[in-house]
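Student: target25.csv (CSV, N, CA and C atoms) pasted underneath:
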chain,number,residue,atom,x,y,z
A,127,MET,N,45.5,19.8,-18.3
A,127,MET,CA,44.6,18.9,-19.0
A,127,MET,C,44.9,18.8,-20.5
A,128,PRO,N,44.8,17.6,-21.1
A,128,PRO,CA,45.1,17.5,-22.5
A,128,PRO,C,44.1,18.3,-23.3
A,129,ALA,N,44.4,18.7,-24.5
A,129,ALA,CA,43.6,19.5,-25.4
A,129,ALA,C,42.3,18.7,-25.8
A,130,HIS,N,42.4,17.4,-25.9
A,130,HIS,CA,41.2,16.6,-26.3
A,130,HIS,C,40.2,16.4,-25.2
A,131,PHE,N,40.5,16.8,-23.9
A,131,PHE,CA,39.6,16.6,-22.8
A,131,PHE,C,38.2,17.2,-23.0
A,132,PRO,N,38.1,18.5,-23.4
A,132,PRO,CA,36.8,19.0,-23.7
A,132,PRO,C,36.0,18.3,-24.7
A,133,GLN,N,36.6,17.7,-25.7
A,133,GLN,CA,35.9,16.9,-26.8
A,133,GLN,C,35.4,15.6,-26.1
A,134,LYS,N,36.2,15.0,-25.3
A,134,LYS,CA,35.7,13.8,-24.6
A,134,LYS,C,34.5,14.1,-23.7
A,135,LEU,N,34.6,15.2,-23.0
A,135,LEU,CA,33.6,15.6,-22.1
A,135,LEU,C,32.3,15.9,-22.9
A,136,PHE,N,32.4,16.5,-24.0
A,136,PHE,CA,31.3,16.8,-24.9
A,136,PHE,C,30.7,15.5,-25.4
A,137,LEU,N,31.5,14.5,-25.8
A,137,LEU,CA,31.0,13.2,-26.3
A,137,LEU,C,30.3,12.4,-25.2
A,138,LEU,N,30.8,12.5,-24.0
A,138,LEU,CA,30.2,11.9,-22.8
A,138,LEU,C,28.8,12.5,-22.6
A,139,ALA,N,28.7,13.8,-22.6
A,139,ALA,CA,27.5,14.5,-22.3
A,139,ALA,C,26.5,14.1,-23.4
A,140,LEU,N,26.9,14.0,-24.7
A,140,LEU,CA,26.0,13.7,-25.8
A,140,LEU,C,25.5,12.2,-25.6
A,141,LEU,N,26.4,11.3,-25.2
A,141,LEU,CA,26.0,9.9,-25.0
A,141,LEU,C,25.0,9.8,-23.9
A,142,ILE,N,25.2,10.6,-22.8
A,142,ILE,CA,24.2,10.6,-21.7
A,142,ILE,C,22.8,11.1,-22.1
A,143,LEU,N,22.8,12.1,-22.9
A,143,LEU,CA,21.6,12.6,-23.5
A,143,LEU,C,20.9,11.6,-24.4
A,144,ALA,N,21.7,11.0,-25.2
A,144,ALA,CA,21.1,10.0,-26.1
A,144,ALA,C,20.5,8.8,-25.4
A,145,LEU,N,21.2,8.3,-24.3
A,145,LEU,CA,20.7,7.2,-23.5
A,145,LEU,C,19.4,7.7,-22.8
A,146,ALA,N,19.4,8.9,-22.3
A,146,ALA,CA,18.2,9.4,-21.6
A,146,ALA,C,17.0,9.4,-22.6
A,147,ALA,N,17.3,9.9,-23.8
A,147,ALA,CA,16.2,10.0,-24.8
A,147,ALA,C,15.7,8.6,-25.1
A,148,CYS,N,16.5,7.6,-25.2
A,148,CYS,CA,16.1,6.2,-25.4
A,148,CYS,C,15.2,5.6,-24.3
A,149,SER,N,15.5,6.0,-23.1
A,149,SER,CA,14.7,5.5,-22.0
A,149,SER,C,13.4,6.3,-21.8
A,150,GLY,N,13.2,7.4,-22.5
A,150,GLY,CA,12.0,8.1,-22.4
A,150,GLY,C,12.0,9.1,-21.2
A,151,GLN,N,13.2,9.2,-20.5
A,151,GLN,CA,13.3,10.1,-19.4
A,151,GLN,C,14.3,11.1,-19.6
A,152,SER,N,14.2,12.3,-19.0
A,152,SER,CA,15.2,13.3,-19.1
A,152,SER,C,16.3,12.9,-18.2
A,153,PRO,N,17.5,13.4,-18.4
A,153,PRO,CA,18.7,13.0,-17.6
A,153,PRO,C,18.5,13.4,-16.1
A,154,THR,N,17.6,14.3,-15.8
A,154,THR,CA,17.4,14.7,-14.4
A,154,THR,C,16.2,14.1,-13.8
A,155,ALA,N,15.5,13.3,-14.6
A,155,ALA,CA,14.3,12.6,-14.0
A,155,ALA,C,14.6,11.7,-12.9
A,156,THR,N,13.8,11.7,-11.9
A,156,THR,CA,14.1,10.8,-10.7
A,156,THR,C,12.8,10.0,-10.4
A,157,SER,N,12.9,8.9,-9.9
A,157,SER,CA,11.8,8.1,-9.4
A,157,SER,C,11.8,8.0,-7.9
A,158,PRO,N,10.6,7.7,-7.3
A,158,PRO,CA,10.7,7.7,-5.8
A,158,PRO,C,11.6,6.6,-5.3
A,159,THR,N,12.2,6.9,-4.2
A,159,THR,CA,13.1,5.9,-3.6
A,159,THR,C,12.3,5.0,-2.7
A,160,ALA,N,12.9,3.9,-2.3
A,160,ALA,CA,12.2,3.0,-1.4
A,160,ALA,C,11.9,3.7,0.0
A,161,THR,N,12.7,4.7,0.3
A,161,THR,CA,12.5,5.4,1.6
A,161,THR,C,11.5,6.5,1.5
A,162,SER,N,11.1,6.9,0.3
A,162,SER,CA,10.1,8.0,0.3
A,162,SER,C,8.8,7.6,0.8
A,163,PRO,N,8.0,8.5,1.4
A,163,PRO,CA,6.6,8.1,1.9
A,163,PRO,C,5.8,7.6,0.8
A,164,ALA,N,5.8,8.2,-0.4
A,164,ALA,CA,5.0,7.7,-1.5
A,164,ALA,C,5.3,6.3,-1.9
A,165,ALA,N,6.6,6.0,-2.0
A,165,ALA,CA,7.0,4.6,-2.4
A,165,ALA,C,6.6,3.6,-1.3
A,166,ALA,N,6.7,4.0,0.0
A,166,ALA,CA,6.4,3.1,1.0
A,166,ALA,C,4.9,2.7,1.1
A,167,THR,N,4.0,3.6,0.8
A,167,THR,CA,2.6,3.3,0.9
A,167,THR,C,1.9,3.1,-0.4
A,168,ALA,N,2.6,3.3,-1.5
A,168,ALA,CA,2.0,3.2,-2.8
A,168,ALA,C,1.5,1.7,-3.0
A,169,PRO,N,0.3,1.6,-3.6
A,169,PRO,CA,-0.1,0.2,-4.0
A,169,PRO,C,0.8,-0.3,-5.1
A,170,VAL,N,0.6,-1.6,-5.5
A,170,VAL,CA,1.4,-2.2,-6.5
A,170,VAL,C,1.4,-1.3,-7.7
A,171,GLU,N,2.4,-1.5,-8.6
A,171,GLU,CA,2.6,-0.5,-9.7
A,171,GLU,C,1.4,-0.3,-10.6
A,172,THR,N,0.5,-1.3,-10.8
A,172,THR,CA,-0.6,-1.1,-11.7
A,172,THR,C,-1.7,-0.2,-11.1
A,173,GLY,N,-1.5,0.2,-9.8
A,173,GLY,CA,-2.5,1.1,-9.1
A,173,GLY,C,-3.5,0.2,-8.4
A,174,GLU,N,-3.4,-1.1,-8.5
A,174,GLU,CA,-4.3,-2.0,-7.8
A,174,GLU,C,-3.7,-2.3,-6.4
A,175,VAL,N,-4.6,-2.2,-5.4
A,175,VAL,CA,-4.2,-2.6,-4.1
A,175,VAL,C,-4.4,-4.1,-3.9
A,176,SER,N,-3.4,-4.7,-3.4
A,176,SER,CA,-3.5,-6.2,-3.2
A,176,SER,C,-3.9,-6.6,-1.8
A,177,PHE,N,-4.9,-7.5,-1.7
A,177,PHE,CA,-5.2,-8.0,-0.4
A,177,PHE,C,-4.0,-8.6,0.3
A,178,ALA,N,-3.4,-9.6,-0.4
A,178,ALA,CA,-2.3,-10.3,0.2
A,178,ALA,C,-1.1,-9.5,0.4
A,179,GLY,N,-0.8,-8.6,-0.5
A,179,GLY,CA,0.5,-7.8,-0.4
A,179,GLY,C,0.3,-6.5,0.4
A,180,ASP,N,-0.9,-5.9,0.4
A,180,ASP,CA,-1.0,-4.6,1.0
A,180,ASP,C,-1.9,-4.6,2.3
A,181,VAL,N,-3.1,-5.2,2.2
A,181,VAL,CA,-4.1,-5.2,3.2
A,181,VAL,C,-3.8,-6.2,4.3
A,182,LEU,N,-3.6,-7.5,4.0
A,182,LEU,CA,-3.4,-8.5,5.0
A,182,LEU,C,-2.3,-8.2,5.9
A,183,PRO,N,-1.1,-7.7,5.5
A,183,PRO,CA,-0.1,-7.3,6.4
A,183,PRO,C,-0.5,-6.3,7.5
A,184,ILE,N,-1.3,-5.3,7.1
A,184,ILE,CA,-1.8,-4.3,8.0
A,184,ILE,C,-2.7,-5.0,9.0
A,185,LEU,N,-3.6,-5.9,8.6
A,185,LEU,CA,-4.5,-6.6,9.5
A,185,LEU,C,-3.8,-7.5,10.4
A,186,GLU,N,-2.8,-8.2,9.9
A,186,GLU,CA,-2.0,-9.1,10.8
A,186,GLU,C,-1.2,-8.3,11.8
A,187,ALA,N,-0.7,-7.2,11.5
A,187,ALA,CA,0.0,-6.4,12.4
A,187,ALA,C,-0.8,-5.7,13.5
A,188,ASN,N,-2.1,-5.4,13.1
A,188,ASN,CA,-2.9,-4.6,14.0
A,188,ASN,C,-4.2,-5.2,14.5
A,189,CYS,N,-4.7,-6.3,13.9
A,189,CYS,CA,-6.0,-6.7,14.2
A,189,CYS,C,-6.2,-8.2,14.6
A,190,THR,N,-5.2,-9.0,14.2
A,190,THR,CA,-5.4,-10.5,14.4
A,190,THR,C,-5.1,-10.9,15.9
A,191,ARG,N,-4.6,-10.0,16.7
A,191,ARG,CA,-4.5,-10.3,18.1
A,191,ARG,C,-5.8,-10.6,18.7
A,192,CYS,N,-6.8,-9.8,18.3
A,192,CYS,CA,-8.2,-10.0,18.8
A,192,CYS,C,-9.1,-10.7,17.8
A,193,HIS,N,-8.7,-10.6,16.5
A,193,HIS,CA,-9.6,-11.2,15.4
A,193,HIS,C,-8.8,-12.1,14.5
A,194,GLY,N,-8.2,-13.1,15.1
A,194,GLY,CA,-7.3,-14.1,14.4
A,194,GLY,C,-7.8,-15.5,14.5
A,195,SER,N,-6.9,-16.4,14.3
A,195,SER,CA,-7.3,-17.8,14.4
A,195,SER,C,-7.5,-18.3,15.8
A,196,ASN,N,-6.9,-17.7,16.8
A,196,ASN,CA,-7.0,-18.2,18.2
A,196,ASN,C,-8.1,-17.5,18.9
A,197,ARG,N,-8.5,-16.3,18.4
A,197,ARG,CA,-9.5,-15.5,19.1
A,197,ARG,C,-10.3,-14.7,18.1
A,198,GLN,N,-11.6,-14.7,18.2
A,198,GLN,CA,-12.4,-13.9,17.3
A,198,GLN,C,-13.4,-13.1,18.0
A,199,SER,N,-13.0,-11.9,18.5
A,199,SER,CA,-13.9,-11.0,19.2
A,199,SER,C,-15.1,-10.7,18.3
A,200,ASP,N,-16.3,-10.7,18.9
A,200,ASP,CA,-17.5,-10.5,18.1
A,200,ASP,C,-17.7,-11.4,16.9
A,201,GLY,N,-17.1,-12.6,17.0
A,201,GLY,CA,-17.2,-13.5,15.9
A,201,GLY,C,-16.5,-13.1,14.6
A,202,LEU,N,-15.6,-12.2,14.7
A,202,LEU,CA,-14.9,-11.7,13.5
A,202,LEU,C,-13.5,-12.2,13.5
A,203,ALA,N,-13.1,-12.9,12.4
A,203,ALA,CA,-11.7,-13.3,12.2
A,203,ALA,C,-11.2,-12.4,11.0
A,204,MET,N,-10.0,-12.0,11.1
A,204,MET,CA,-9.5,-11.1,10.0
A,204,MET,C,-8.2,-11.6,9.5
A,205,ASN,N,-7.9,-12.9,9.8
A,205,ASN,CA,-6.6,-13.5,9.4
A,205,ASN,C,-6.6,-14.1,8.0
A,206,THR,N,-7.8,-14.2,7.3
A,206,THR,CA,-7.9,-14.7,6.0
A,206,THR,C,-8.9,-13.8,5.2
A,207,TYR,N,-8.8,-13.8,3.9
A,207,TYR,CA,-9.8,-13.1,3.1
A,207,TYR,C,-11.2,-13.6,3.3
A,208,THR,N,-11.3,-14.9,3.3
A,208,THR,CA,-12.7,-15.6,3.5
A,208,THR,C,-13.3,-15.2,4.8
A,209,ALA,N,-12.5,-15.3,5.9
A,209,ALA,CA,-13.0,-14.9,7.2
A,209,ALA,C,-13.4,-13.5,7.3
A,210,LEU,N,-12.6,-12.6,6.7
A,210,LEU,CA,-12.9,-11.2,6.7
A,210,LEU,C,-14.2,-10.9,6.0
A,211,LEU,N,-14.4,-11.5,4.9
A,211,LEU,CA,-15.6,-11.2,4.1
A,211,LEU,C,-16.9,-11.9,4.7
A,212,GLU,N,-16.7,-12.9,5.6
A,212,GLU,CA,-17.8,-13.5,6.3
A,212,GLU,C,-18.4,-12.6,7.3
A,213,GLY,N,-17.5,-11.7,7.8
A,213,GLY,CA,-18.0,-10.7,8.8
A,213,GLY,C,-18.0,-11.1,10.2
A,214,SER,N,-18.8,-10.4,11.0
A,214,SER,CA,-18.9,-10.7,12.4
A,214,SER,C,-20.2,-11.2,12.8
A,215,SER,N,-20.5,-11.4,14.1
A,215,SER,CA,-21.8,-11.9,14.6
A,215,SER,C,-22.8,-10.8,14.3
A,216,ALA,N,-22.4,-9.5,14.1
A,216,ALA,CA,-23.3,-8.4,13.8
A,216,ALA,C,-23.5,-8.3,12.3
A,217,GLY,N,-22.8,-9.0,11.5
A,217,GLY,CA,-23.0,-8.9,10.0
A,217,GLY,C,-21.7,-8.5,9.3
A,218,ALA,N,-21.9,-8.1,8.1
A,218,ALA,CA,-20.7,-7.8,7.2
A,218,ALA,C,-19.9,-6.6,7.7
A,219,VAL,N,-18.6,-6.7,7.6
A,219,VAL,CA,-17.8,-5.5,8.0
A,219,VAL,C,-17.2,-4.9,6.8
A,220,ILE,N,-17.3,-5.6,5.6
A,220,ILE,CA,-16.8,-5.1,4.3
A,220,ILE,C,-18.0,-5.1,3.4
A,221,ILE,N,-18.2,-3.9,2.7
A,221,ILE,CA,-19.1,-3.9,1.6
A,221,ILE,C,-18.3,-3.6,0.4
A,222,PRO,N,-18.0,-4.6,-0.5
A,222,PRO,CA,-17.2,-4.4,-1.6
A,222,PRO,C,-17.6,-3.2,-2.5
A,223,SER,N,-16.7,-2.4,-2.9
A,223,SER,CA,-16.9,-1.1,-3.6
A,223,SER,C,-17.5,0.0,-2.8
A,224,ASP,N,-17.6,-0.1,-1.5
A,224,ASP,CA,-18.2,0.9,-0.7
A,224,ASP,C,-17.5,1.0,0.6
A,225,ALA,N,-16.3,1.6,0.6
A,225,ALA,CA,-15.5,1.8,1.8
A,225,ALA,C,-16.2,2.7,2.8
A,226,ALA,N,-16.9,3.7,2.3
A,226,ALA,CA,-17.6,4.6,3.3
A,226,ALA,C,-18.7,3.9,4.0
A,227,GLY,N,-19.3,2.9,3.4
A,227,GLY,CA,-20.4,2.2,4.1
A,227,GLY,C,-19.9,0.9,4.8
A,228,SER,N,-18.6,0.7,4.8
A,228,SER,CA,-18.0,-0.5,5.4
A,228,SER,C,-17.7,-0.3,6.9
A,229,LYS,N,-18.2,-1.1,7.7
A,229,LYS,CA,-18.0,-1.0,9.2
A,229,LYS,C,-16.5,-1.0,9.5
A,230,LEU,N,-15.7,-1.8,8.8
A,230,LEU,CA,-14.3,-1.9,9.1
A,230,LEU,C,-13.6,-0.5,9.0
A,231,VAL,N,-13.9,0.2,7.9
A,231,VAL,CA,-13.4,1.5,7.7
A,231,VAL,C,-13.9,2.5,8.7
A,232,GLU,N,-15.1,2.4,9.1
A,232,GLU,CA,-15.7,3.3,10.1
A,232,GLU,C,-14.9,3.2,11.4
A,233,VAL,N,-14.7,1.9,11.9
A,233,VAL,CA,-14.1,1.8,13.2
A,233,VAL,C,-12.6,2.0,13.2
A,234,ILE,N,-11.9,1.8,12.1
A,234,ILE,CA,-10.5,2.2,12.1
A,234,ILE,C,-10.3,3.7,11.8
A,235,ALA,N,-11.2,4.3,11.1
A,235,ALA,CA,-11.0,5.7,10.8
A,235,ALA,C,-11.3,6.6,12.0
A,236,ASN,N,-12.3,6.1,12.8
A,236,ASN,CA,-12.6,6.9,14.0
A,236,ASN,C,-11.8,6.5,15.2
A,237,GLY,N,-10.8,5.6,15.1
A,237,GLY,CA,-9.9,5.2,16.1
A,237,GLY,C,-10.5,4.3,17.2
A,238,ARG,N,-11.7,3.7,17.0
A,238,ARG,CA,-12.2,2.8,17.9
A,238,ARG,C,-11.5,1.4,17.8
A,239,MET,N,-10.9,1.1,16.7
A,239,MET,CA,-10.1,-0.1,16.5
A,239,MET,C,-8.8,0.3,15.9
A,240,PRO,N,-7.8,-0.4,16.2
A,240,PRO,CA,-7.7,-1.5,17.2
A,240,PRO,C,-7.8,-1.0,18.6
A,241,LYS,N,-8.5,-1.8,19.4
A,241,LYS,CA,-8.6,-1.4,20.9
A,241,LYS,C,-7.3,-1.5,21.6
A,242,ASN,N,-7.1,-0.6,22.5
A,242,ASN,CA,-5.9,-0.6,23.3
A,242,ASN,C,-4.6,-0.7,22.6
A,243,ALA,N,-4.6,-0.1,21.4
A,243,ALA,CA,-3.4,-0.2,20.6
A,243,ALA,C,-3.2,1.1,19.7
A,244,THR,N,-2.1,1.3,19.1
A,244,THR,CA,-1.9,2.4,18.3
A,244,THR,C,-2.9,2.4,17.1
A,245,PRO,N,-3.5,3.5,16.9
A,245,PRO,CA,-4.4,3.6,15.7
A,245,PRO,C,-3.7,3.4,14.4
A,246,LEU,N,-4.4,2.9,13.4
A,246,LEU,CA,-3.8,2.8,12.1
A,246,LEU,C,-3.4,4.2,11.5
A,247,THR,N,-2.4,4.2,10.7
A,247,THR,CA,-2.0,5.5,10.1
A,247,THR,C,-3.0,5.9,9.0
A,248,ALA,N,-3.0,7.1,8.6
A,248,ALA,CA,-3.9,7.6,7.5
A,248,ALA,C,-3.6,6.8,6.2
A,249,GLU,N,-2.3,6.4,6.0
A,249,GLU,CA,-1.9,5.7,4.8
A,249,GLU,C,-2.5,4.3,4.8
A,250,GLU,N,-2.4,3.6,6.0
A,250,GLU,CA,-3.0,2.3,6.1
A,250,GLU,C,-4.5,2.3,5.9
A,251,ILE,N,-5.2,3.3,6.5
A,251,ILE,CA,-6.6,3.4,6.3
A,251,ILE,C,-6.9,3.6,4.9
A,252,GLN,N,-6.1,4.4,4.2
A,252,GLN,CA,-6.4,4.7,2.8
A,252,GLN,C,-6.2,3.5,1.9
A,253,LEU,N,-5.2,2.7,2.2
A,253,LEU,CA,-4.9,1.4,1.5
A,253,LEU,C,-6.1,0.5,1.6
A,254,ILE,N,-6.6,0.3,2.8
A,254,ILE,CA,-7.8,-0.5,3.1
A,254,ILE,C,-9.0,0.0,2.3
A,255,SER,N,-9.2,1.3,2.4
A,255,SER,CA,-10.3,1.9,1.7
A,255,SER,C,-10.2,1.8,0.2
A,256,ASP,N,-9.0,2.0,-0.3
A,256,ASP,CA,-8.8,1.8,-1.8
A,256,ASP,C,-9.1,0.4,-2.2
A,257,TRP,N,-8.7,-0.6,-1.4
A,257,TRP,CA,-8.9,-2.0,-1.7
A,257,TRP,C,-10.4,-2.3,-1.7
A,258,ILE,N,-11.1,-1.8,-0.7
A,258,ILE,CA,-12.6,-2.0,-0.6
A,258,ILE,C,-13.2,-1.4,-1.8
A,259,ASN,N,-12.9,-0.1,-2.1
A,259,ASN,CA,-13.5,0.6,-3.2
A,259,ASN,C,-13.2,0.0,-4.6
A,260,ALA,N,-12.1,-0.7,-4.7
A,260,ALA,CA,-11.8,-1.5,-5.9
A,260,ALA,C,-12.5,-2.8,-6.0
A,261,GLY,N,-13.4,-3.1,-5.0
A,261,GLY,CA,-14.2,-4.3,-5.1
A,261,GLY,C,-13.8,-5.4,-4.1
A,262,ALA,N,-12.9,-5.0,-3.2
A,262,ALA,CA,-12.4,-6.0,-2.1
A,262,ALA,C,-12.1,-7.3,-2.7
A,263,LEU,N,-11.2,-7.3,-3.7
A,263,LEU,CA,-10.8,-8.6,-4.4
A,263,LEU,C,-9.9,-9.4,-3.6
A,264,ASP,N,-9.9,-10.7,-3.8
A,264,ASP,CA,-9.0,-11.7,-3.2
A,264,ASP,C,-7.7,-11.7,-4.1
A,265,ASN,N,-6.9,-10.7,-4.0
A,265,ASN,CA,-5.7,-10.7,-4.9
A,265,ASN,C,-4.4,-10.5,-4.1
What is this file in structure tokens?

Tutor:
Amino acid sequence: MPAHFPQKLFLLALLILALAACSGQSPTATSPTATSPAAATAPVETGEVSFAGDVLPILEANCTRCHGSNRQSDGLAMNTYTALLEGSSAGAVIIPSDAAGSKLVEVIANGRMPKNATPLTAEEIQLISDWINAGALDN
């Protein structure tokens, strides 16, 4: 190795440290990857759960077979924000800001819905609950 190699290595390390300091992160800081469970289920970066981006895809994948545009069991359609907030023939299924009191959370958390299908995951139920607790916004 040339004699100036350790000096170049030192300068490279110093440059990396300087760049890390400018970014506000340590050189060993890592952020969640797209494959980590936290990244896969985390709400949008602001901490706000989005109906269109987070909740509706769960409903479309698990609920609209029986509660969609072609079929509305118990008068409940879940394929749009407006239809979901209108509720069923028995009344409201969402109480904005009250996930614990919302019928939707009750039936998905206890596994009664979706019928004859795989229950929602804990992460999916949490996203729906967080969205309702945040006011069940059309966002």

Student: Can you tell me which residues surround region 218-231 of chain A at a distance of at most 12 Å, considering only C-alpha atoms, apart from same-chain residues fewer than 3 positions away, and format the answer as a CSV table (one decimal) with N, CA and C atoms, in the frame of the given file?

Tutor:
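The result, written out as out_20.csv:
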chain,number,residue,atom,x,y,z
A,185,LEU,N,-3.6,-5.9,8.6
A,185,LEU,CA,-4.5,-6.6,9.5
A,185,LEU,C,-3.8,-7.5,10.4
A,189,CYS,N,-4.7,-6.3,13.9
A,189,CYS,CA,-6.0,-6.7,14.2
A,189,CYS,C,-6.2,-8.2,14.6
A,200,ASP,N,-16.3,-10.7,18.9
A,200,ASP,CA,-17.5,-10.5,18.1
A,200,ASP,C,-17.7,-11.4,16.9
A,201,GLY,N,-17.1,-12.6,17.0
A,201,GLY,CA,-17.2,-13.5,15.9
A,201,GLY,C,-16.5,-13.1,14.6
A,202,LEU,N,-15.6,-12.2,14.7
A,202,LEU,CA,-14.9,-11.7,13.5
A,202,LEU,C,-13.5,-12.2,13.5
A,203,ALA,N,-13.1,-12.9,12.4
A,203,ALA,CA,-11.7,-13.3,12.2
A,203,ALA,C,-11.2,-12.4,11.0
A,204,MET,N,-10.0,-12.0,11.1
A,204,MET,CA,-9.5,-11.1,10.0
A,204,MET,C,-8.2,-11.6,9.5
A,207,TYR,N,-8.8,-13.8,3.9
A,207,TYR,CA,-9.8,-13.1,3.1
A,207,TYR,C,-11.2,-13.6,3.3
A,208,THR,N,-11.3,-14.9,3.3
A,208,THR,CA,-12.7,-15.6,3.5
A,208,THR,C,-13.3,-15.2,4.8
A,209,ALA,N,-12.5,-15.3,5.9
A,209,ALA,CA,-13.0,-14.9,7.2
A,209,ALA,C,-13.4,-13.5,7.3
A,210,LEU,N,-12.6,-12.6,6.7
A,210,LEU,CA,-12.9,-11.2,6.7
A,210,LEU,C,-14.2,-10.9,6.0
A,211,LEU,N,-14.4,-11.5,4.9
A,211,LEU,CA,-15.6,-11.2,4.1
A,211,LEU,C,-16.9,-11.9,4.7
A,212,GLU,N,-16.7,-12.9,5.6
A,212,GLU,CA,-17.8,-13.5,6.3
A,212,GLU,C,-18.4,-12.6,7.3
A,213,GLY,N,-17.5,-11.7,7.8
A,213,GLY,CA,-18.0,-10.7,8.8
A,213,GLY,C,-18.0,-11.1,10.2
A,214,SER,N,-18.8,-10.4,11.0
A,214,SER,CA,-18.9,-10.7,12.4
A,214,SER,C,-20.2,-11.2,12.8
A,215,SER,N,-20.5,-11.4,14.1
A,215,SER,CA,-21.8,-11.9,14.6
A,215,SER,C,-22.8,-10.8,14.3
A,234,ILE,N,-11.9,1.8,12.1
A,234,ILE,CA,-10.5,2.2,12.1
A,234,ILE,C,-10.3,3.7,11.8
A,235,ALA,N,-11.2,4.3,11.1
A,235,ALA,CA,-11.0,5.7,10.8
A,235,ALA,C,-11.3,6.6,12.0
A,236,ASN,N,-12.3,6.1,12.8
A,236,ASN,CA,-12.6,6.9,14.0
A,236,ASN,C,-11.8,6.5,15.2
A,237,GLY,N,-10.8,5.6,15.1
A,237,GLY,CA,-9.9,5.2,16.1
A,237,GLY,C,-10.5,4.3,17.2
A,238,ARG,N,-11.7,3.7,17.0
A,238,ARG,CA,-12.2,2.8,17.9
A,238,ARG,C,-11.5,1.4,17.8
A,239,MET,N,-10.9,1.1,16.7
A,239,MET,CA,-10.1,-0.1,16.5
A,239,MET,C,-8.8,0.3,15.9
A,240,PRO,N,-7.8,-0.4,16.2
A,240,PRO,CA,-7.7,-1.5,17.2
A,240,PRO,C,-7.8,-1.0,18.6
A,246,LEU,N,-4.4,2.9,13.4
A,246,LEU,CA,-3.8,2.8,12.1
A,246,LEU,C,-3.4,4.2,11.5
A,248,ALA,N,-3.0,7.1,8.6
A,248,ALA,CA,-3.9,7.6,7.5
A,248,ALA,C,-3.6,6.8,6.2
A,250,GLU,N,-2.4,3.6,6.0
A,250,GLU,CA,-3.0,2.3,6.1
A,250,GLU,C,-4.5,2.3,5.9
A,251,ILE,N,-5.2,3.3,6.5
A,251,ILE,CA,-6.6,3.4,6.3
A,251,ILE,C,-6.9,3.6,4.9
A,252,GLN,N,-6.1,4.4,4.2
A,252,GLN,CA,-6.4,4.7,2.8
A,252,GLN,C,-6.2,3.5,1.9
A,253,LEU,N,-5.2,2.7,2.2
A,253,LEU,CA,-4.9,1.4,1.5
A,253,LEU,C,-6.1,0.5,1.6
A,254,ILE,N,-6.6,0.3,2.8
A,254,ILE,CA,-7.8,-0.5,3.1
A,254,ILE,C,-9.0,0.0,2.3
A,255,SER,N,-9.2,1.3,2.4
A,255,SER,CA,-10.3,1.9,1.7
A,255,SER,C,-10.2,1.8,0.2
A,256,ASP,N,-9.0,2.0,-0.3
A,256,ASP,CA,-8.8,1.8,-1.8
A,256,ASP,C,-9.1,0.4,-2.2
A,257,TRP,N,-8.7,-0.6,-1.4
A,257,TRP,CA,-8.9,-2.0,-1.7
A,257,TRP,C,-10.4,-2.3,-1.7
A,258,ILE,N,-11.1,-1.8,-0.7
A,258,ILE,CA,-12.6,-2.0,-0.6
A,258,ILE,C,-13.2,-1.4,-1.8
A,259,ASN,N,-12.9,-0.1,-2.1
A,259,ASN,CA,-13.5,0.6,-3.2
A,259,ASN,C,-13.2,0.0,-4.6
A,260,ALA,N,-12.1,-0.7,-4.7
A,260,ALA,CA,-11.8,-1.5,-5.9
A,260,ALA,C,-12.5,-2.8,-6.0
A,261,GLY,N,-13.4,-3.1,-5.0
A,261,GLY,CA,-14.2,-4.3,-5.1
A,261,GLY,C,-13.8,-5.4,-4.1
A,262,ALA,N,-12.9,-5.0,-3.2
A,262,ALA,CA,-12.4,-6.0,-2.1
A,262,ALA,C,-12.1,-7.3,-2.7
A,263,LEU,N,-11.2,-7.3,-3.7
A,263,LEU,CA,-10.8,-8.6,-4.4
A,263,LEU,C,-9.9,-9.4,-3.6
A,264,ASP,N,-9.9,-10.7,-3.8
A,264,ASP,CA,-9.0,-11.7,-3.2
A,264,ASP,C,-7.7,-11.7,-4.1

Student: Going by DSSP on the backbone, which bits of region 180-220 of chain A are strand (DSSP E or B)? Write them as a compact mmCIF listing (two decimals) with N, CA and C atoms, keeping the file's coordinate frame, please.

Tutor:
# COMPACT_ATOMS: atom_id res chain seq x y z
N HIS A 193 -8.70 -10.60 16.50
CA HIS A 193 -9.60 -11.20 15.40
C HIS A 193 -8.80 -12.10 14.50
N GLN A 198 -11.60 -14.70 18.20
CA GLN A 198 -12.40 -13.90 17.30
C GLN A 198 -13.40 -13.10 18.00
N SER A 214 -18.80 -10.40 11.00
CA SER A 214 -18.90 -10.70 12.40
C SER A 214 -20.20 -11.20 12.80
N GLY A 217 -22.80 -9.00 11.50
CA GLY A 217 -23.00 -8.90 10.00
C GLY A 217 -21.70 -8.50 9.30

Student: Can you tell me how far CA of Pro245 (chain A) sits from CA of Val233 (chain A), in Å to one decimal?

Tutor: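 Atom-to-atom, CA of Pro245 (chain A) and CA of Val233 (chain A) are spaced 10.2 Å apart.
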
Student: Just how far from CA of Thr190 (chain A) is atom C of Thr244 (chain A), in Å to one decimal?

Tutor: 13.4 Å

Student: Using CA of Ser195 (chain A) and CA of Leu182 (chain A) as the two end points, give the distance in Å to one decimal.

Tutor: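 Computing the Euclidean distance for CA of Ser195 (chain A) and CA of Leu182 (chain A) yields 13.8 Å.
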
Student: Taking into account only C-alpha atoms, which residue in the set A:Asn242, A:Ala216, A:Glu249, A:Ser176 is nearest to Asn188 (chain A)?

Tutor: A:Asn242
